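Chemist: Dropping the structure in here first, questions after.
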Amino acid sequence: MKYRSTRGQVSGISFKDAVMMGLADDGGLLLPESIPTFDKEELEALAELPYTELAFRVISQFADDIPANDLKDLIDRSYASFEHPQVTPVVSEDGVHILELFHGPTLAFKDVALQLLGNLFEYLLKERNQHMNIIGATSGDTGSAAIYGVRGKQNINIFILHPKGRVSPIQEMQMTTVTDANVFNIAVEGTFDDAQSIVKEIFGDLDYKEKHALGAVNSINWARVLAQVVYYFYACFQVQKQTGAEQVEFSVPTGNFGDIFAGYIAQRMGVPIKRLILATNANNILSRFVNQGDYSAATVNHSLSPSMDIQVASNFERYLFYLYGEDAARVNAAMDNFKQSGELTFSNEEIAEVQRTFAAASIDDEQTVETIRTFHQQTGYLLDPHTAVGLGAGHQVRDKNTPLICLATAHPAKFGDAVKLAIGNDPELPPAFQGIDTLEKRVQVLPATVDHIKNYVDQHAL
């Protein structure tokens, strides 16, 4: 399997090189040159596999330059760190199926991808006798999951930018209390979009990227998306076994489009997904795109679901590539135009194509709190605010005759303020969070400028 850029100037890249490159050298995002598919008999066989074996079968379709035994070992070690034997179990409550993605080390869905990516990086750096400096931006969960994926690993330093005061206290403590020598936390004085823009600009400076051997852990790295594809297979199989349904729908709370794009890839590989429901909070650029064809940047609103407080979805370009018929020149022109004008326009035919695959709804803070409260009263099950956005959107636009699978993207204890607002009590702290507020912290506060971040990296890079 070879990889190409959405912008057309990079192609023929191996999986190993795609992992190490992160953002393509032409500023685009890497995608496989073809998407493998499974037929009905193959899907039936895959449905009988435990999670790690299923992950190997799916991921190996895209990573054929890693020996099978090595890839199996990387996958097995990555998911051995999860507390649940099924890795991403599905529980059924009040007529919906909840895909729990928070059983990894940092209790967030990002662990599914970043435990694997950290092991991939270490494996490839050892193989190539190289080192790497990882730079990433986080709206909350990516940062801690990335840090836990590479903390203490050989030949890697990691620099994580988060918007100062705009992540939950638990999320901030999870990042800043990791004091391994290879971990550098940066609180930027701005929004997540500011931090993400800085990271993308730094990766666009090819001389600087080469000088410091920069690597990406944000969802611009294809391996992140690929790892997430697996749990769409797994959840669909579990719900089909339980319900006998031919198709399912997924509701996905998303700000960067990466998680729902993984569902789109799974659907194209043959998973019987009727629709993907895209759930946003008040930062609704993606739901506006699906419902009205309006992809225009707006001011970022601070919400109770801060990991989705994003107005420029960094993975959207991957879907745009397919929507535009794999026309890289058109993608290039569109992204240049978006950089200048802050908006993209679509034909009626393109909007109709989008709506064949996606439905969408935007859920505000009041609806989020009400969803947490009502669901808890009815079932005793506690949702985090991002999962509540997904459930609220799912209830609004679901097909009542098709099983609905809602992605539970984080443990509710990561967002105690929102939960307390909804149910009147703090959520019970899991063992991983107990005493975290007493630990030593290390963080550098910096202005949200490329030059300040570059200077800091210059001083601390390997």
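All residue names refer to the structure tokens as shown: chains lettered A, B, ... in order, residues numbered from 1 in each chain, ligands numbered from 1 in order.
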Residues at most 10 Å from Thr52 in chain A, counting only C-alpha atoms, excluding those fewer than 6 positions away in the same chain, as a list in words?

Modeler: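 The filter keeps Val58, Lys72, Asp73, Ile75, Asp76, Arg77, Ser78, Tyr79, Ala80, Pro85, Gln86, Val87 and Val230 of chain A.
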
Chemist: Pick out the residues sitting within 12 Å of Thr438 in chain A, and hand them over as a list of chain:residue names; count only C-alpha atoms, and ignore anything fewer than 2 positions along from it in its own chain.

Modeler: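 Final neighbour list, sorted by chain and number: A:Met173, A:Gln174, A:Thr176, A:Thr177, A:Phe433, A:Gln434, A:Gly435, A:Ile436, A:Glu440, A:Lys441.
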
Chemist: Report as a list in words all protein, DNA and RNA residues lying within 8 Å of Glu317 in chain A, evaluated on only C-alpha atoms, omitting residues in the same chain fewer than 5 positions from it.

Modeler: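 Near Glu317 in chain A, the qualifying residues are Thr6, Gly28, Leu29, Val331 and Met335 of chain A.
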
Chemist: Could those residues be written to a file, using all heavy atoms, as a PDB file, in the first residue's frame?

Modeler:
```
ATOM      1  N   THR A   6      -3.276  14.792  -0.370  1.00  0.00           N
ATOM      2  CA  THR A   6      -4.502  15.411  -0.876  1.00  0.00           C
ATOM      3  C   THR A   6      -4.201  16.561  -1.831  1.00  0.00           C
ATOM      4  O   THR A   6      -5.082  16.990  -2.580  1.00  0.00           O
ATOM      5  CB  THR A   6      -5.350  15.946   0.289  1.00  0.00           C
ATOM      6  OG1 THR A   6      -4.520  16.790   1.113  1.00  0.00           O
ATOM      7  CG2 THR A   6      -5.925  14.814   1.120  1.00  0.00           C
ATOM      8  N   GLY A  28      -0.351  19.039   2.366  1.00  0.00           N
ATOM      9  CA  GLY A  28      -1.592  18.273   2.365  1.00  0.00           C
ATOM     10  C   GLY A  28      -1.589  17.183   3.412  1.00  0.00           C
ATOM     11  O   GLY A  28      -0.673  17.069   4.235  1.00  0.00           O
ATOM     12  N   LEU A  29      -2.623  16.344   3.371  1.00  0.00           N
ATOM     13  CA  LEU A  29      -2.748  15.219   4.288  1.00  0.00           C
ATOM     14  C   LEU A  29      -2.626  13.925   3.505  1.00  0.00           C
ATOM     15  O   LEU A  29      -3.102  13.818   2.373  1.00  0.00           O
ATOM     16  CB  LEU A  29      -4.096  15.266   5.005  1.00  0.00           C
ATOM     17  CG  LEU A  29      -4.369  16.536   5.825  1.00  0.00           C
ATOM     18  CD1 LEU A  29      -5.733  16.452   6.499  1.00  0.00           C
ATOM     19  CD2 LEU A  29      -3.287  16.775   6.863  1.00  0.00           C
ATOM     20  N   VAL A 331      -8.554  20.460  -4.684  1.00  0.00           N
ATOM     21  CA  VAL A 331      -8.370  20.555  -3.232  1.00  0.00           C
ATOM     22  C   VAL A 331      -7.378  21.669  -2.914  1.00  0.00           C
ATOM     23  O   VAL A 331      -7.602  22.496  -2.014  1.00  0.00           O
ATOM     24  CB  VAL A 331      -7.880  19.213  -2.646  1.00  0.00           C
ATOM     25  CG1 VAL A 331      -7.498  19.382  -1.169  1.00  0.00           C
ATOM     26  CG2 VAL A 331      -8.941  18.130  -2.791  1.00  0.00           C
ATOM     27  N   MET A 335      -8.284  24.901  -0.617  1.00  0.00           N
ATOM     28  CA  MET A 335      -7.646  25.200   0.659  1.00  0.00           C
ATOM     29  C   MET A 335      -6.935  26.548   0.628  1.00  0.00           C
ATOM     30  O   MET A 335      -6.905  27.267   1.635  1.00  0.00           O
ATOM     31  CB  MET A 335      -6.686  24.071   1.044  1.00  0.00           C
ATOM     32  CG  MET A 335      -7.357  22.724   1.261  1.00  0.00           C
ATOM     33  SD  MET A 335      -8.860  22.759   2.301  1.00  0.00           S
ATOM     34  CE  MET A 335      -8.181  23.271   3.877  1.00  0.00           C
TER      35      MET A 335
END
```

Chemist: If we count only C-alpha atoms and set the cut-off at 8 Å, which residues sit around range 262-268 of chain A, ignoring sequence neighbours fewer than 5 positions away in its own chain? Please answer as a list in words.

Modeler: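 The residues satisfying every condition are Ile35, Thr37, Val225, Leu226, Gln228, Val229, Val230, Tyr232, Phe233, Ile273 and Leu276 of chain A.
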
Chemist: Considering only C-alpha atoms, state which residue in the set A:Val239, A:Ala413, A:Met175, A:Ile170 is at the smallest distance from Asn425 in chain A.

Modeler: A:Ala413

Chemist: Calculate how many Å separate CA of Leu125 in chain A from CA of Met20 in chain A, rounding to one decimal.

Modeler: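 We find that CA of Leu125 in chain A and CA of Met20 in chain A lie 9.0 Å from each other.
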
Chemist: Can you work out the spacing between CA of Glu127 in chain A and CA of Asn157 in chain A in Å, to one decimal?

Modeler: 17.4 Å

Chemist: How close does each residue of range 304-380 of chain A get to range 137-147 of chain A, giving the shortest atom pair and distance in Å to one decimal for every residue with an atom at most 8 Å away, counting only C-alpha atoms, sorted by chain and residue number, as CSV?

Modeler:
```
residue,atom,partner,partner_atom,distance
A:Pro306,CA,A:Ser139,CA,6.6
A:Ser307,CA,A:Ser139,CA,4.7
A:Met308,CA,A:Ser139,CA,7.1
A:Asp309,CA,A:Ser139,CA,7.2
A:Ile310,CA,A:Ser139,CA,8.0
```

Chemist: Any chance you could export the current selection's N, CA and C atoms as an mmCIF file, in the first residue's frame?

Modeler:
```
data_model
loop_
_atom_site.group_PDB
_atom_site.id
_atom_site.type_symbol
_atom_site.label_atom_id
_atom_site.label_comp_id
_atom_site.auth_asym_id
_atom_site.auth_seq_id
_atom_site.Cartn_x
_atom_site.Cartn_y
_atom_site.Cartn_z
ATOM 1 N N PRO A 306 -15.116 21.104 25.763
ATOM 2 C CA PRO A 306 -14.022 21.907 25.220
ATOM 3 C C PRO A 306 -13.177 21.218 24.158
ATOM 4 N N SER A 307 -13.151 19.887 24.153
ATOM 5 C CA SER A 307 -12.350 19.197 23.138
ATOM 6 C C SER A 307 -12.910 19.406 21.736
ATOM 7 N N MET A 308 -14.132 19.935 21.657
ATOM 8 C CA MET A 308 -14.763 20.194 20.366
ATOM 9 C C MET A 308 -14.864 21.697 20.072
ATOM 10 N N ASP A 309 -14.172 22.508 20.843
ATOM 11 C CA ASP A 309 -14.204 23.955 20.630
ATOM 12 C C ASP A 309 -13.235 24.320 19.512
ATOM 13 N N ILE A 310 -13.648 23.989 18.297
ATOM 14 C CA ILE A 310 -12.800 24.088 17.104
ATOM 15 C C ILE A 310 -13.650 24.654 15.974
#
```

Chemist: So which residues touch Arg398 in chain A within 10 Å, counting only C-alpha atoms, skipping near sequence neighbours fewer than 2 positions away, as a short mmCIF file (atom, residue, chain, number, x, y, z; two decimals) with N, CA, C and O atoms, in the first residue's frame?

Modeler:
```cif
data_model
loop_
_atom_site.label_atom_id
_atom_site.label_comp_id
_atom_site.auth_asym_id
_atom_site.auth_seq_id
_atom_site.Cartn_x
_atom_site.Cartn_y
_atom_site.Cartn_z
N GLU A 249 -26.25 2.89 12.57
CA GLU A 249 -25.84 4.28 12.47
C GLU A 249 -24.90 4.60 13.63
O GLU A 249 -25.05 4.04 14.72
N PHE A 250 -23.94 5.48 13.38
CA PHE A 250 -23.03 5.95 14.43
C PHE A 250 -23.25 7.43 14.64
O PHE A 250 -23.35 8.20 13.67
N SER A 251 -23.31 7.85 15.90
CA SER A 251 -23.30 9.28 16.22
C SER A 251 -21.95 9.62 16.84
O SER A 251 -21.54 9.00 17.84
N ARG A 275 -25.65 5.52 8.05
CA ARG A 275 -25.30 6.94 8.08
C ARG A 275 -24.35 7.20 9.24
O ARG A 275 -24.38 6.50 10.26
N LEU A 276 -23.56 8.23 9.09
CA LEU A 276 -22.71 8.74 10.16
C LEU A 276 -23.31 10.07 10.61
O LEU A 276 -23.47 10.99 9.81
N ILE A 277 -23.67 10.15 11.89
CA ILE A 277 -24.27 11.37 12.43
C ILE A 277 -23.16 12.22 13.06
O ILE A 277 -22.49 11.79 13.99
N ALA A 359 -25.50 12.77 8.46
CA ALA A 359 -26.52 13.66 9.02
C ALA A 359 -25.81 14.45 10.10
O ALA A 359 -24.70 14.10 10.52
N ALA A 360 -26.42 15.54 10.57
CA ALA A 360 -25.72 16.36 11.56
C ALA A 360 -26.70 17.13 12.42
O ALA A 360 -27.82 17.45 12.00
N LEU A 391 -24.99 11.92 21.86
CA LEU A 391 -26.29 11.29 22.13
C LEU A 391 -27.44 12.25 21.79
O LEU A 391 -28.44 11.84 21.18
N ALA A 393 -27.45 14.72 19.60
CA ALA A 393 -27.56 14.82 18.15
C ALA A 393 -28.15 13.54 17.56
O ALA A 393 -28.98 13.59 16.65
N GLY A 394 -27.71 12.41 18.09
CA GLY A 394 -28.23 11.13 17.59
C GLY A 394 -29.73 11.02 17.76
O GLY A 394 -30.44 10.58 16.86
N HIS A 395 -30.22 11.45 18.92
CA HIS A 395 -31.66 11.40 19.16
C HIS A 395 -32.42 12.31 18.19
O HIS A 395 -33.55 11.99 17.79
N GLN A 396 -31.82 13.42 17.81
CA GLN A 396 -32.50 14.38 16.93
C GLN A 396 -32.67 13.85 15.51
O GLN A 396 -33.71 14.07 14.90
N LYS A 400 -35.13 5.79 13.33
CA LYS A 400 -35.66 5.01 14.47
C LYS A 400 -35.64 3.50 14.20
O LYS A 400 -35.73 2.71 15.14
N ASN A 401 -35.54 3.10 12.95
CA ASN A 401 -35.56 1.67 12.62
C ASN A 401 -34.16 1.06 12.51
O ASN A 401 -34.03 -0.10 12.16
N THR A 402 -33.14 1.87 12.78
CA THR A 402 -31.75 1.41 12.66
C THR A 402 -31.05 1.57 14.00
O THR A 402 -31.17 2.62 14.64
N PRO A 403 -30.33 0.53 14.49
CA PRO A 403 -29.63 0.68 15.76
C PRO A 403 -28.67 1.87 15.75
O PRO A 403 -27.97 2.09 14.77
N LEU A 404 -28.67 2.63 16.84
CA LEU A 404 -27.81 3.80 16.98
C LEU A 404 -26.67 3.49 17.93
O LEU A 404 -26.90 3.08 19.07
#
```

Chemist: Please list as number ranges by chain every residue within 10 Å of range 449-456 of chain A, counting only C-alpha atoms and excluding residues in the same chain fewer than 5 positions away.

Modeler: A: 135, 159, 161, 184, 186, 188-190, 194-195, 197-202, 208, 444, 461

Chemist: Those residues with N, CA and C atoms, as a PDB file, in the first residue's frame please?

Modeler:
```
ATOM      1  N   ILE A 135       5.682  17.470  17.719  1.00  0.00           N
ATOM      2  CA  ILE A 135       4.970  18.699  18.069  1.00  0.00           C
ATOM      3  C   ILE A 135       3.494  18.490  17.775  1.00  0.00           C
ATOM      4  N   PHE A 159       6.517  17.909  22.366  1.00  0.00           N
ATOM      5  CA  PHE A 159       6.102  19.263  22.709  1.00  0.00           C
ATOM      6  C   PHE A 159       4.600  19.376  22.422  1.00  0.00           C
ATOM      7  N   LEU A 161       1.135  21.679  22.718  1.00  0.00           N
ATOM      8  CA  LEU A 161       0.540  22.997  22.917  1.00  0.00           C
ATOM      9  C   LEU A 161      -0.928  22.832  23.301  1.00  0.00           C
ATOM     10  N   PHE A 184       7.422  18.062  27.138  1.00  0.00           N
ATOM     11  CA  PHE A 184       7.399  19.519  27.275  1.00  0.00           C
ATOM     12  C   PHE A 184       5.978  20.027  27.008  1.00  0.00           C
ATOM     13  N   ILE A 186       3.311  23.145  26.740  1.00  0.00           N
ATOM     14  CA  ILE A 186       3.274  24.575  26.441  1.00  0.00           C
ATOM     15  C   ILE A 186       1.820  25.043  26.483  1.00  0.00           C
ATOM     16  N   VAL A 188      -0.440  27.919  25.431  1.00  0.00           N
ATOM     17  CA  VAL A 188      -0.402  29.098  24.568  1.00  0.00           C
ATOM     18  C   VAL A 188      -1.534  30.049  24.937  1.00  0.00           C
ATOM     19  N   GLU A 189      -1.254  31.324  24.839  1.00  0.00           N
ATOM     20  CA  GLU A 189      -2.228  32.353  25.202  1.00  0.00           C
ATOM     21  C   GLU A 189      -3.141  32.624  24.006  1.00  0.00           C
ATOM     22  N   GLY A 190      -4.060  31.690  23.777  1.00  0.00           N
ATOM     23  CA  GLY A 190      -4.966  31.786  22.632  1.00  0.00           C
ATOM     24  C   GLY A 190      -5.910  30.599  22.629  1.00  0.00           C
ATOM     25  N   ASP A 194      -5.659  28.591  17.301  1.00  0.00           N
ATOM     26  CA  ASP A 194      -4.367  29.287  17.244  1.00  0.00           C
ATOM     27  C   ASP A 194      -3.222  28.277  17.365  1.00  0.00           C
ATOM     28  N   ALA A 195      -3.348  27.378  18.322  1.00  0.00           N
ATOM     29  CA  ALA A 195      -2.294  26.389  18.546  1.00  0.00           C
ATOM     30  C   ALA A 195      -2.158  25.455  17.350  1.00  0.00           C
ATOM     31  N   SER A 197      -2.983  26.074  14.265  1.00  0.00           N
ATOM     32  CA  SER A 197      -2.435  26.835  13.150  1.00  0.00           C
ATOM     33  C   SER A 197      -0.923  26.965  13.264  1.00  0.00           C
ATOM     34  N   ILE A 198      -0.436  27.184  14.476  1.00  0.00           N
ATOM     35  CA  ILE A 198       1.007  27.284  14.701  1.00  0.00           C
ATOM     36  C   ILE A 198       1.702  25.976  14.327  1.00  0.00           C
ATOM     37  N   VAL A 199       1.111  24.861  14.773  1.00  0.00           N
ATOM     38  CA  VAL A 199       1.716  23.558  14.475  1.00  0.00           C
ATOM     39  C   VAL A 199       1.750  23.307  12.968  1.00  0.00           C
ATOM     40  N   LYS A 200       0.654  23.601  12.275  1.00  0.00           N
ATOM     41  CA  LYS A 200       0.620  23.373  10.836  1.00  0.00           C
ATOM     42  C   LYS A 200       1.626  24.274  10.115  1.00  0.00           C
ATOM     43  N   GLU A 201       1.772  25.515  10.583  1.00  0.00           N
ATOM     44  CA  GLU A 201       2.738  26.416   9.952  1.00  0.00           C
ATOM     45  C   GLU A 201       4.171  25.928  10.171  1.00  0.00           C
ATOM     46  N   ILE A 202       4.448  25.434  11.369  1.00  0.00           N
ATOM     47  CA  ILE A 202       5.788  24.902  11.646  1.00  0.00           C
ATOM     48  C   ILE A 202       6.085  23.702  10.754  1.00  0.00           C
ATOM     49  N   TYR A 208      12.878  23.715   8.681  1.00  0.00           N
ATOM     50  CA  TYR A 208      12.778  23.573  10.134  1.00  0.00           C
ATOM     51  C   TYR A 208      12.338  22.156  10.497  1.00  0.00           C
ATOM     52  N   GLN A 444       5.152  25.490  30.419  1.00  0.00           N
ATOM     53  CA  GLN A 444       5.670  26.788  29.993  1.00  0.00           C
ATOM     54  C   GLN A 444       4.544  27.559  29.313  1.00  0.00           C
ATOM     55  N   ALA A 461      14.892  20.751  21.799  1.00  0.00           N
ATOM     56  CA  ALA A 461      14.781  19.619  20.894  1.00  0.00           C
ATOM     57  C   ALA A 461      15.974  18.681  21.010  1.00  0.00           C
TER      58      ALA A 461
END
```

Chemist: Using only C-alpha atoms, which of the listed residues (A:Ala45, A:Ile66, A:Ile158, A:Leu344) sits closest to Tyr123 in chain A?

Modeler: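 Selected residue with least distance to Tyr123 in chain A: A:Ile66.
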